[in-house]
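K.L.:
What follows is coords-v5.txt, made up of compact mmCIF, C-alpha atoms:
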```txt
# COMPACT_ATOMS: atom_id res chain seq x y z
CA MET A 1 -1.25 95.64 -98.26
CA GLY A 2 -3.14 98.59 -99.73
CA LEU A 3 -5.99 96.24 -100.66
CA LEU A 4 -5.97 94.89 -97.13
CA TYR A 5 -6.36 98.38 -95.67
CA PHE A 6 -9.04 99.29 -98.22
CA VAL A 7 -11.18 96.26 -97.40
CA TYR A 8 -10.67 96.50 -93.66
CA THR A 9 -11.88 100.12 -93.63
CA LYS A 10 -15.13 98.92 -95.23
CA ILE A 11 -15.76 96.01 -92.87
CA ASP A 12 -18.28 96.42 -90.06
CA TRP A 13 -15.93 95.37 -87.26
CA GLN A 14 -18.62 95.59 -84.59
CA LEU A 15 -20.70 93.12 -86.56
CA LEU A 16 -17.72 90.77 -86.84
CA LYS A 17 -17.01 91.12 -83.13
CA ASN A 18 -20.58 90.16 -82.29
CA GLU A 19 -20.45 87.28 -84.75
CA TRP A 20 -17.24 86.01 -83.15
CA LYS A 21 -18.93 85.98 -79.74
CA LEU A 22 -21.84 83.97 -81.14
CA SER A 23 -19.74 81.64 -83.29
CA ASN A 24 -19.38 77.93 -82.65
CA LYS A 25 -15.85 77.65 -81.29
CA PHE A 26 -15.78 73.89 -81.82
CA TYR A 27 -16.29 74.36 -85.57
CA LEU A 28 -13.54 76.99 -85.58
CA PHE A 29 -11.22 74.51 -83.89
CA LEU A 30 -12.11 71.90 -86.52
CA ALA A 31 -11.41 74.51 -89.22
CA PHE A 32 -7.92 74.95 -87.77
CA ILE A 33 -7.37 71.17 -87.71
CA SER A 34 -8.57 70.87 -91.31
CA PHE A 35 -6.02 73.48 -92.37
CA ILE A 36 -3.22 71.69 -90.50
CA ILE A 37 -4.08 68.44 -92.28
CA SER A 38 -3.95 70.25 -95.64
CA GLN A 39 -0.42 71.40 -94.81
CA ILE A 40 0.66 67.88 -93.90
CA PHE A 41 -0.40 66.75 -97.37
CA SER A 42 1.43 69.78 -98.81
CA VAL A 43 4.64 68.45 -97.24
CA LEU A 44 3.98 65.07 -98.86
CA ARG A 45 3.43 66.72 -102.24
CA VAL A 46 6.63 68.73 -102.27
CA ASP A 47 8.51 65.62 -101.12
CA PHE A 48 7.60 63.94 -104.44
CA TYR A 49 9.37 66.69 -106.37
CA PHE A 50 12.33 66.91 -104.02
CA LYS A 51 12.96 63.18 -104.42
CA LYS A 52 12.81 63.51 -108.22
CA ALA A 53 15.32 66.35 -107.87
CA GLY A 54 17.67 64.08 -105.90
CA VAL A 55 16.87 65.46 -102.45
CA HIS A 56 15.95 62.80 -99.88
CA MET A 57 14.86 64.15 -96.51
CA SER A 58 12.94 62.65 -93.64
CA PHE A 59 9.31 63.75 -93.34
CA ALA A 60 10.14 65.55 -90.08
CA ASN A 61 12.91 67.66 -91.64
CA ASN A 62 10.79 68.32 -94.70
CA ALA A 63 7.96 69.50 -92.44
CA ARG A 64 10.32 71.80 -90.53
CA LEU A 65 11.62 73.30 -93.76
CA TYR A 66 8.06 73.66 -95.04
CA LEU A 67 6.97 75.46 -91.85
CA LEU A 68 9.88 77.87 -92.10
CA GLY A 69 8.98 78.42 -95.74
CA MET A 70 5.40 79.18 -94.70
CA PHE A 71 6.69 81.78 -92.26
CA TYR A 72 8.72 83.51 -94.97
CA ASN A 73 5.88 83.23 -97.48
CA PHE A 74 3.49 84.91 -95.08
CA PHE A 75 5.66 87.94 -94.44
CA ILE A 76 7.47 88.43 -97.76
CA PRO A 77 5.50 89.93 -100.70
CA GLY A 78 4.44 87.58 -103.47
CA GLY A 79 4.42 84.43 -101.39
CA ILE A 80 7.72 83.18 -102.86
CA GLY A 81 10.14 84.14 -100.10
CA GLY A 82 9.84 80.71 -98.49
CA ASP A 83 10.31 78.98 -101.83
CA ALA A 84 13.50 80.92 -102.49
CA TYR A 85 14.78 80.07 -99.02
CA LYS A 86 14.12 76.35 -99.55
CA VAL A 87 16.04 76.39 -102.83
CA ILE A 88 19.02 78.16 -101.24
CA ALA A 89 19.03 75.93 -98.14
CA LEU A 90 18.81 72.69 -100.12
CA ASN A 91 21.44 73.85 -102.58
CA ARG A 92 23.83 74.30 -99.69
CA HIS A 93 23.28 70.83 -98.27
CA TYR A 94 22.67 68.68 -101.34
CA ASP A 95 24.62 68.20 -104.54
CA GLN A 96 21.84 69.57 -106.75
CA SER A 97 21.78 72.68 -108.90
CA VAL A 98 19.67 75.73 -108.14
CA LYS A 99 17.92 75.20 -111.48
CA THR A 100 16.83 71.66 -110.60
CA LEU A 101 15.65 72.66 -107.12
CA THR A 102 13.82 75.71 -108.46
CA THR A 103 12.07 73.52 -111.02
CA ALA A 104 10.97 71.12 -108.28
CA VAL A 105 9.53 73.94 -106.18
CA PHE A 106 7.89 75.48 -109.25
CA PHE A 107 6.11 72.26 -110.18
CA ASP A 108 4.97 71.81 -106.58
CA ARG A 109 3.20 75.15 -106.85
CA PHE A 110 2.11 74.69 -110.45
CA ILE A 111 0.40 71.34 -109.88
CA GLY A 112 -1.44 72.92 -106.96
CA LEU A 113 -2.69 75.69 -109.24
CA CYS A 114 -3.76 73.10 -111.80
CA ALA A 115 -5.87 71.36 -109.16
CA ILE A 116 -7.50 74.66 -108.19
CA PHE A 117 -8.33 75.51 -111.81
CA ILE A 118 -9.83 72.05 -112.32
CA LEU A 119 -11.95 72.39 -109.18
CA ILE A 120 -13.12 75.83 -110.31
CA CYS A 121 -14.17 74.40 -113.67
CA LEU A 122 -16.10 71.62 -111.95
CA GLY A 123 -17.53 73.89 -109.27
CA ILE A 124 -19.07 76.38 -111.68
CA VAL A 125 -21.65 73.73 -112.58
CA PHE A 126 -23.04 73.72 -109.04
CA ILE A 127 -23.25 77.42 -108.14
CA PRO A 128 -26.77 78.92 -108.03
CA ILE A 129 -26.16 81.53 -110.74
CA ASP A 130 -27.96 81.76 -114.06
CA ILE A 131 -25.23 80.56 -116.44
CA PRO A 132 -25.99 79.15 -119.92
CA LEU A 133 -25.87 75.37 -120.00
CA TRP A 134 -23.25 75.29 -122.76
CA ILE A 135 -20.85 77.33 -120.62
CA LYS A 136 -21.32 74.95 -117.69
CA VAL A 137 -20.72 71.96 -119.98
CA LEU A 138 -17.61 73.63 -121.41
CA PHE A 139 -16.12 74.31 -117.96
CA PHE A 140 -17.03 70.87 -116.63
CA SER A 141 -15.52 69.15 -119.69
CA THR A 142 -12.37 71.26 -119.39
CA GLY A 143 -12.00 70.25 -115.76
CA ILE A 144 -12.43 66.53 -116.47
CA ILE A 145 -10.07 66.56 -119.47
CA GLY A 146 -7.49 68.58 -117.53
CA ALA A 147 -7.52 66.10 -114.66
CA LEU A 148 -7.23 63.07 -116.93
CA ILE A 149 -4.62 64.13 -119.49
CA GLY A 150 -2.99 67.24 -118.05
CA PRO A 151 -0.35 65.36 -116.02
CA ALA A 152 0.40 63.11 -119.02
CA ILE A 153 1.10 66.14 -121.20
CA LEU A 154 3.36 67.64 -118.53
CA GLY A 155 5.15 64.28 -118.22
CA ARG A 156 5.96 64.24 -121.93
CA ILE A 157 7.46 67.73 -121.75
CA PHE A 158 9.24 67.45 -118.39
CA THR A 159 10.33 63.83 -118.27
CA LYS A 160 12.44 64.21 -115.11
CA PHE A 161 9.28 64.75 -113.05
CA LYS A 162 7.01 62.54 -115.15
CA GLU A 163 6.18 60.05 -112.41
CA ALA A 164 5.27 62.79 -109.93
CA PHE A 165 2.53 64.62 -111.82
CA TYR A 166 -0.41 62.24 -111.37
CA PRO A 167 0.25 61.43 -107.67
CA THR A 168 0.81 65.09 -106.81
CA LEU A 169 -2.32 66.18 -108.68
CA LEU A 170 -4.27 63.73 -106.52
CA ILE A 171 -2.56 65.05 -103.40
CA SER A 172 -3.36 68.60 -104.55
CA PHE A 173 -7.07 67.70 -104.72
CA ILE A 174 -6.84 66.36 -101.17
CA ILE A 175 -5.08 69.55 -100.03
CA GLN A 176 -7.78 71.73 -101.57
CA LEU A 177 -10.56 69.59 -100.10
CA PHE A 178 -9.16 70.12 -96.61
CA GLN A 179 -8.68 73.84 -97.24
CA ILE A 180 -12.24 74.00 -98.54
CA GLY A 181 -13.13 72.18 -95.34
CA THR A 182 -11.54 75.04 -93.41
CA ILE A 183 -13.77 77.56 -95.18
CA VAL A 184 -16.89 75.39 -94.81
CA LEU A 185 -16.27 74.86 -91.09
CA ALA A 186 -15.63 78.58 -90.59
CA LEU A 187 -18.92 79.26 -92.34
CA LEU A 188 -20.75 76.67 -90.24
CA ALA A 189 -19.27 78.27 -87.14
CA THR A 190 -20.68 81.66 -88.03
CA HIS A 191 -23.41 81.40 -90.70
CA PRO A 192 -24.54 77.82 -91.34
CA ASP A 193 -27.53 79.07 -93.36
CA HIS A 194 -25.43 80.59 -96.16
CA ASN A 195 -24.79 79.02 -99.57
CA ILE A 196 -21.67 76.96 -98.99
CA MET A 197 -20.95 76.13 -102.64
CA VAL A 198 -20.68 79.79 -103.63
CA TYR A 199 -18.24 80.49 -100.80
CA VAL A 200 -16.17 77.49 -101.87
CA LEU A 201 -15.92 78.78 -105.44
CA ILE A 202 -15.00 82.28 -104.24
CA PHE A 203 -12.31 80.75 -102.04
CA LEU A 204 -10.81 78.80 -104.95
CA VAL A 205 -10.68 81.94 -107.12
CA SER A 206 -9.08 83.90 -104.28
CA SER A 207 -6.49 81.11 -103.85
CA VAL A 208 -5.28 81.67 -107.41
CA LEU A 209 -5.13 85.46 -107.07
CA SER A 210 -3.58 85.38 -103.59
CA ILE A 211 -0.21 84.36 -105.05
CA VAL A 212 0.57 88.04 -105.67
CA SER A 213 0.05 89.12 -102.06
CA PHE A 214 1.21 88.43 -98.51
CA ALA A 215 0.07 84.78 -98.31
CA GLY A 216 -3.29 85.88 -99.65
CA ILE A 217 -3.71 88.72 -97.15
CA GLY A 218 -5.63 91.53 -98.83
CA ILE A 219 -6.36 89.78 -102.12
CA ARG A 220 -8.41 87.03 -100.48
CA GLU A 221 -10.46 89.48 -98.40
CA THR A 222 -10.99 91.73 -101.44
CA VAL A 223 -12.23 88.85 -103.58
CA PHE A 224 -14.61 87.68 -100.85
CA TYR A 225 -15.84 91.21 -100.17
CA TYR A 226 -16.70 92.17 -103.75
CA ALA A 227 -17.89 88.71 -104.81
CA ALA A 228 -20.38 88.86 -101.95
CA GLN A 229 -21.65 92.23 -103.20
CA TYR A 230 -22.04 90.85 -106.72
CA LEU A 231 -23.83 87.74 -105.45
CA ASN A 232 -26.00 89.71 -103.00
CA PHE A 233 -24.36 88.30 -99.88
CA ASN A 234 -23.39 90.32 -96.82
CA PRO A 235 -19.87 91.56 -97.74
CA ASP A 236 -18.89 91.97 -94.07
CA ILE A 237 -19.66 88.33 -93.36
CA SER A 238 -17.91 87.21 -96.55
CA ALA A 239 -14.74 89.18 -95.77
CA GLY A 240 -14.93 87.89 -92.22
CA ILE A 241 -14.80 84.28 -93.44
CA ALA A 242 -11.72 85.13 -95.51
CA LEU A 243 -10.19 86.81 -92.48
CA ILE A 244 -10.70 83.69 -90.38
CA PHE A 245 -8.80 81.68 -92.99
CA SER A 246 -5.99 84.25 -93.00
CA VAL A 247 -5.76 84.19 -89.19
CA ILE A 248 -5.54 80.38 -89.22
CA THR A 249 -2.78 80.63 -91.84
CA LEU A 250 -0.97 83.23 -89.71
CA ILE A 251 -1.10 81.10 -86.56
CA THR A 252 0.23 78.07 -88.42
CA SER A 253 2.97 80.11 -90.12
CA LEU A 254 4.20 81.49 -86.80
CA PHE A 255 5.28 77.99 -85.76
CA GLY A 256 7.85 78.21 -88.55
CA ALA A 257 9.58 81.04 -86.69
CA ILE A 258 10.94 78.40 -84.30
CA TYR A 259 13.35 77.31 -87.04
CA LEU A 260 14.75 80.79 -87.39
CA PHE A 261 16.56 79.98 -84.15
CA ARG A 262 16.64 76.17 -84.15
CA LYS A 263 18.77 74.89 -87.01
CA ILE A 264 17.23 72.31 -89.30
CA LYS A 265 19.52 69.29 -89.59
CA PHE A 266 19.53 68.06 -93.17
```
Output the file's structure in the form of structure tokens.
P.N.:
Amino acid sequence: MGLLYFVYTKIDWQLLKNEWKLSNKFYLFLAFISFIISQIFSVLRVDFYFKKAGVHMSFANNARLYLLGMFYNFFIPGGIGGDAYKVIALNRHYDQSVKTLTTAVFFDRFIGLCAIFILICLGIVFIPIDIPLWIKVLFFSTGIIGALIGPAILGRIFTKFKEAFYPTLLISFIIQLFQIGTIVLALLATHPDHNIMVYVLIFLVSSVLSIVSFAGIGIRETVFYYAAQYLNFNPDISAGIALIFSVITLITSLFGAIYLFRKIKF
């Protein structure tokens, strides 16, 4: 939260206020829809691991539990409060050990991180920065190899979840594409003339680092703010794009509060 305060004291709020007034609200609405779709696929991804762990829920109940987990993740430091709650809740209602459930939740997150790292490796090739060709080739090759054989290696080590790794990696790519869509649409709503690919790469890096904060709050804005300075972009605009993403995440997470009072029937 200290990072959040530090960045917010440096943002030109009047500029952001004016930009909000001039923004294309239709694109902002589409950005929200794109984020919602990414979360629907997130429910499908975690369902793969829950089924391998012996937990069979309907999509509706899984979505309710996921929303409640999002709510906890947003307001509990480290973004793992919702994961811990899901493990505890499922342990109470299903005959599965905490270890097995924790492993399922861990791999759901881990495969998502793998997809982000792969996309970062591939994305570096396309950013307009003077990077030696051999470095671009190295990153691109790493991304391709990781996507092709990474799940197979994980399957050999963790045989219980072997059949889930390739499908969930694919789903993770879809999730990230829709979340990237959220950033792109937010950018189109405010500054369609800016370099989209650079913002996409900054977003992917911030997604990895945001694990250690309140659902990305603070870390994401900090990464956008200073990356923009390094890349000679307007840091206020860059942090503003990150803020839009955080607000969309907040709005979505608040729907999970419903299930603080309405019991989820497993």
K.L.:
Measure the distance from CA of Pro167 (chain A) to CA of Ile251 (chain A) in Å and round it to one decimal.
P.N.:
28.9 Å
K.L.:
With only C-alpha atoms as the atoms that count, which of A:Ser97, A:Thr252, A:Ser246, A:Ser34 lies nearest to Val184 (chain A)?
P.N.:
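Smallest separation from Val184 (chain A) among the options: A:Ser34.
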K.L.:
Identify, on the basis of only C-alpha atoms, every residue whose closest approach to Phe126 (chain A) does not exceed 9 Å; exclude the query and any residue fewer than 4 positions from it along the same chain; express the result as a ChimeraX atom specification.
P.N.:
/A:122,136,197-198
K.L.:
For a quick check of understanding, using all atoms listed in the file, which of A:Phe203, A:Tyr230, A:Tyr166, A:Phe158 has the smallest distance to Ile129 (chain A)?
P.N.:
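Of A:Phe203, A:Tyr230, A:Tyr166, A:Phe158, the one nearest Ile129 (chain A) is A:Tyr230, counting all atoms listed in the file.
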K.L.:
So, counting all atoms listed in the file, which residue among A:Ala147, A:Val223, A:Asp236, A:Asp108 is closest to Leu170 (chain A)?
P.N.:
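Distance minimum relative to Leu170 (chain A) lands on A:Ala147.
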K.L.:
For CA of Pro235 (chain A) and CA of Leu119 (chain A), determine how far apart the two atoms are, in Å to one decimal place.
P.N.:
23.7 Å
K.L.:
Calculated over only C-alpha atoms, which of the candidates A:Ile111, A:Ile248, A:Leu231, A:Val46 has the smallest distance to Gly155 (chain A)?
P.N.:
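Among the listed residues, A:Ile111 lies closest to Gly155 (chain A).
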K.L.:
From the options A:Leu30, A:Ile116, A:Leu250, A:Val137, which residue's atoms come nearest to Ala189 (chain A), counting only C-alpha atoms?
P.N.:
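Result for the nearest residue to Ala189 (chain A): A:Leu30.
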K.L.:
For Ala53 (chain A), which residue out of A:Phe233, A:Phe140, A:Tyr94, A:Phe261 is the nearest one, using all atoms listed in the file?
P.N.:
A:Tyr94
K.L.:
Report the distance between CA of Ile171 (chain A) and CA of Gly150 (chain A) in Å, rounded to one decimal place.
P.N.:
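So the two atoms, CA of Ile171 (chain A) and CA of Gly150 (chain A), lie 14.8 Å apart.
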K.L.:
List the spatial neighbours of Ala257 (chain A) as a tab-separated table (two decimals) with C-alpha atoms, in the coordinates of the input - criterion: any atom at most 8 Å away, all atoms listed in the file, same-chain residues fewer than 3 positions off excluded.
P.N.:
```tsv
chain	number	residue	atom	x	y	z
A	68	LEU	CA	9.88	77.87	-92.10
A	71	PHE	CA	6.69	81.78	-92.26
A	253	SER	CA	2.97	80.11	-90.12
A	254	LEU	CA	4.20	81.49	-86.80
A	260	LEU	CA	14.75	80.79	-87.39
A	261	PHE	CA	16.56	79.98	-84.15
```
K.L.:
Residues at most 10 Å from Ile36 (chain A), counting only C-alpha atoms, excluding those fewer than 3 positions away in the same chain, as a PyMOL selection string?
P.N.:
chain A and resi 30-33+39-42+175+178-179+182+248-249+252
K.L.:
Take the residues that were just selected and, keeping C-alpha atoms, output them as a short mmCIF file (atom, residue, chain, number, x, y, z; two decimals), in the coordinates of the input.
P.N.:
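File selection_26.cif, as written:
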```
data_model
loop_
_atom_site.label_atom_id
_atom_site.label_comp_id
_atom_site.auth_asym_id
_atom_site.auth_seq_id
_atom_site.Cartn_x
_atom_site.Cartn_y
_atom_site.Cartn_z
CA LEU A 30 -12.11 71.90 -86.52
CA ALA A 31 -11.41 74.51 -89.22
CA PHE A 32 -7.92 74.95 -87.77
CA ILE A 33 -7.37 71.17 -87.71
CA GLN A 39 -0.42 71.40 -94.81
CA ILE A 40 0.66 67.88 -93.90
CA PHE A 41 -0.40 66.75 -97.37
CA SER A 42 1.43 69.78 -98.81
CA ILE A 175 -5.08 69.55 -100.03
CA PHE A 178 -9.16 70.12 -96.61
CA GLN A 179 -8.68 73.84 -97.24
CA THR A 182 -11.54 75.04 -93.41
CA ILE A 248 -5.54 80.38 -89.22
CA THR A 249 -2.78 80.63 -91.84
CA THR A 252 0.23 78.07 -88.42
#
```
K.L.:
Please complete region 237-257 of chain A so it has N, CA, C and O atoms, and hand it over as a PDB file, in the frame of the given file.
P.N.:
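out.pdb was written with the following content:
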```pdb
ATOM      1  N   ILE A 237     -19.747  89.742 -93.743  1.00  0.00           N
ATOM      2  CA  ILE A 237     -19.660  88.330 -93.360  1.00  0.00           C
ATOM      3  C   ILE A 237     -18.686  87.598 -94.280  1.00  0.00           C
ATOM      4  O   ILE A 237     -17.859  86.802 -93.834  1.00  0.00           O
ATOM      5  N   SER A 238     -18.779  87.876 -95.578  1.00  0.00           N
ATOM      6  CA  SER A 238     -17.910  87.210 -96.550  1.00  0.00           C
ATOM      7  C   SER A 238     -16.443  87.517 -96.278  1.00  0.00           C
ATOM      8  O   SER A 238     -15.603  86.608 -96.244  1.00  0.00           O
ATOM      9  N   ALA A 239     -16.126  88.800 -96.070  1.00  0.00           N
ATOM     10  CA  ALA A 239     -14.740  89.180 -95.770  1.00  0.00           C
ATOM     11  C   ALA A 239     -14.303  88.605 -94.434  1.00  0.00           C
ATOM     12  O   ALA A 239     -13.130  88.257 -94.240  1.00  0.00           O
ATOM     13  N   GLY A 240     -15.254  88.472 -93.520  1.00  0.00           N
ATOM     14  CA  GLY A 240     -14.930  87.890 -92.220  1.00  0.00           C
ATOM     15  C   GLY A 240     -14.520  86.442 -92.326  1.00  0.00           C
ATOM     16  O   GLY A 240     -13.605  85.985 -91.627  1.00  0.00           O
ATOM     17  N   ILE A 241     -15.170  85.682 -93.210  1.00  0.00           N
ATOM     18  CA  ILE A 241     -14.800  84.280 -93.440  1.00  0.00           C
ATOM     19  C   ILE A 241     -13.383  84.201 -93.993  1.00  0.00           C
ATOM     20  O   ILE A 241     -12.569  83.367 -93.582  1.00  0.00           O
ATOM     21  N   ALA A 242     -13.071  85.088 -94.949  1.00  0.00           N
ATOM     22  CA  ALA A 242     -11.720  85.130 -95.510  1.00  0.00           C
ATOM     23  C   ALA A 242     -10.702  85.483 -94.437  1.00  0.00           C
ATOM     24  O   ALA A 242      -9.588  84.956 -94.412  1.00  0.00           O
ATOM     25  N   LEU A 243     -11.096  86.396 -93.543  1.00  0.00           N
ATOM     26  CA  LEU A 243     -10.190  86.810 -92.480  1.00  0.00           C
ATOM     27  C   LEU A 243      -9.898  85.652 -91.526  1.00  0.00           C
ATOM     28  O   LEU A 243      -8.757  85.485 -91.069  1.00  0.00           O
ATOM     29  N   ILE A 244     -10.917  84.854 -91.234  1.00  0.00           N
ATOM     30  CA  ILE A 244     -10.700  83.690 -90.380  1.00  0.00           C
ATOM     31  C   ILE A 244      -9.668  82.759 -90.990  1.00  0.00           C
ATOM     32  O   ILE A 244      -8.758  82.272 -90.313  1.00  0.00           O
ATOM     33  N   PHE A 245      -9.774  82.528 -92.304  1.00  0.00           N
ATOM     34  CA  PHE A 245      -8.800  81.680 -92.990  1.00  0.00           C
ATOM     35  C   PHE A 245      -7.399  82.278 -92.890  1.00  0.00           C
ATOM     36  O   PHE A 245      -6.423  81.564 -92.649  1.00  0.00           O
ATOM     37  N   SER A 246      -7.296  83.594 -93.065  1.00  0.00           N
ATOM     38  CA  SER A 246      -5.990  84.250 -93.000  1.00  0.00           C
ATOM     39  C   SER A 246      -5.398  84.165 -91.597  1.00  0.00           C
ATOM     40  O   SER A 246      -4.184  83.979 -91.438  1.00  0.00           O
ATOM     41  N   VAL A 247      -6.244  84.288 -90.576  1.00  0.00           N
ATOM     42  CA  VAL A 247      -5.760  84.190 -89.190  1.00  0.00           C
ATOM     43  C   VAL A 247      -5.262  82.776 -88.908  1.00  0.00           C
ATOM     44  O   VAL A 247      -4.214  82.586 -88.270  1.00  0.00           O
ATOM     45  N   ILE A 248      -5.984  81.768 -89.386  1.00  0.00           N
ATOM     46  CA  ILE A 248      -5.540  80.380 -89.220  1.00  0.00           C
ATOM     47  C   ILE A 248      -4.199  80.166 -89.907  1.00  0.00           C
ATOM     48  O   ILE A 248      -3.293  79.516 -89.362  1.00  0.00           O
ATOM     49  N   THR A 249      -4.049  80.734 -91.114  1.00  0.00           N
ATOM     50  CA  THR A 249      -2.780  80.630 -91.840  1.00  0.00           C
ATOM     51  C   THR A 249      -1.661  81.308 -91.060  1.00  0.00           C
ATOM     52  O   THR A 249      -0.541  80.793 -90.961  1.00  0.00           O
ATOM     53  N   LEU A 250      -1.960  82.485 -90.494  1.00  0.00           N
ATOM     54  CA  LEU A 250      -0.970  83.230 -89.710  1.00  0.00           C
ATOM     55  C   LEU A 250      -0.500  82.424 -88.513  1.00  0.00           C
ATOM     56  O   LEU A 250       0.704  82.300 -88.264  1.00  0.00           O
ATOM     57  N   ILE A 251      -1.450  81.870 -87.760  1.00  0.00           N
ATOM     58  CA  ILE A 251      -1.100  81.100 -86.560  1.00  0.00           C
ATOM     59  C   ILE A 251      -0.202  79.920 -86.924  1.00  0.00           C
ATOM     60  O   ILE A 251       0.808  79.650 -86.268  1.00  0.00           O
ATOM     61  N   THR A 252      -0.567  79.221 -87.982  1.00  0.00           N
ATOM     62  CA  THR A 252       0.230  78.070 -88.420  1.00  0.00           C
ATOM     63  C   THR A 252       1.624  78.519 -88.866  1.00  0.00           C
ATOM     64  O   THR A 252       2.629  77.878 -88.532  1.00  0.00           O
ATOM     65  N   SER A 253       1.685  79.615 -89.612  1.00  0.00           N
ATOM     66  CA  SER A 253       2.970  80.110 -90.120  1.00  0.00           C
ATOM     67  C   SER A 253       3.904  80.516 -88.997  1.00  0.00           C
ATOM     68  O   SER A 253       5.127  80.357 -89.110  1.00  0.00           O
ATOM     69  N   LEU A 254       3.364  81.025 -87.905  1.00  0.00           N
ATOM     70  CA  LEU A 254       4.200  81.490 -86.800  1.00  0.00           C
ATOM     71  C   LEU A 254       5.009  80.361 -86.174  1.00  0.00           C
ATOM     72  O   LEU A 254       6.075  80.595 -85.612  1.00  0.00           O
ATOM     73  N   PHE A 255       4.513  79.136 -86.281  1.00  0.00           N
ATOM     74  CA  PHE A 255       5.280  77.990 -85.760  1.00  0.00           C
ATOM     75  C   PHE A 255       6.595  77.829 -86.525  1.00  0.00           C
ATOM     76  O   PHE A 255       7.573  77.304 -85.995  1.00  0.00           O
ATOM     77  N   GLY A 256       6.618  78.293 -87.772  1.00  0.00           N
ATOM     78  CA  GLY A 256       7.850  78.210 -88.550  1.00  0.00           C
ATOM     79  C   GLY A 256       8.947  79.104 -88.023  1.00  0.00           C
ATOM     80  O   GLY A 256      10.133  78.871 -88.301  1.00  0.00           O
ATOM     81  N   ALA A 257       8.572  80.125 -87.240  1.00  0.00           N
ATOM     82  CA  ALA A 257       9.580  81.040 -86.690  1.00  0.00           C
ATOM     83  C   ALA A 257      10.527  80.314 -85.738  1.00  0.00           C
ATOM     84  O   ALA A 257      11.659  80.781 -85.494  1.00  0.00           O
TER      85      ALA A 257
END
```
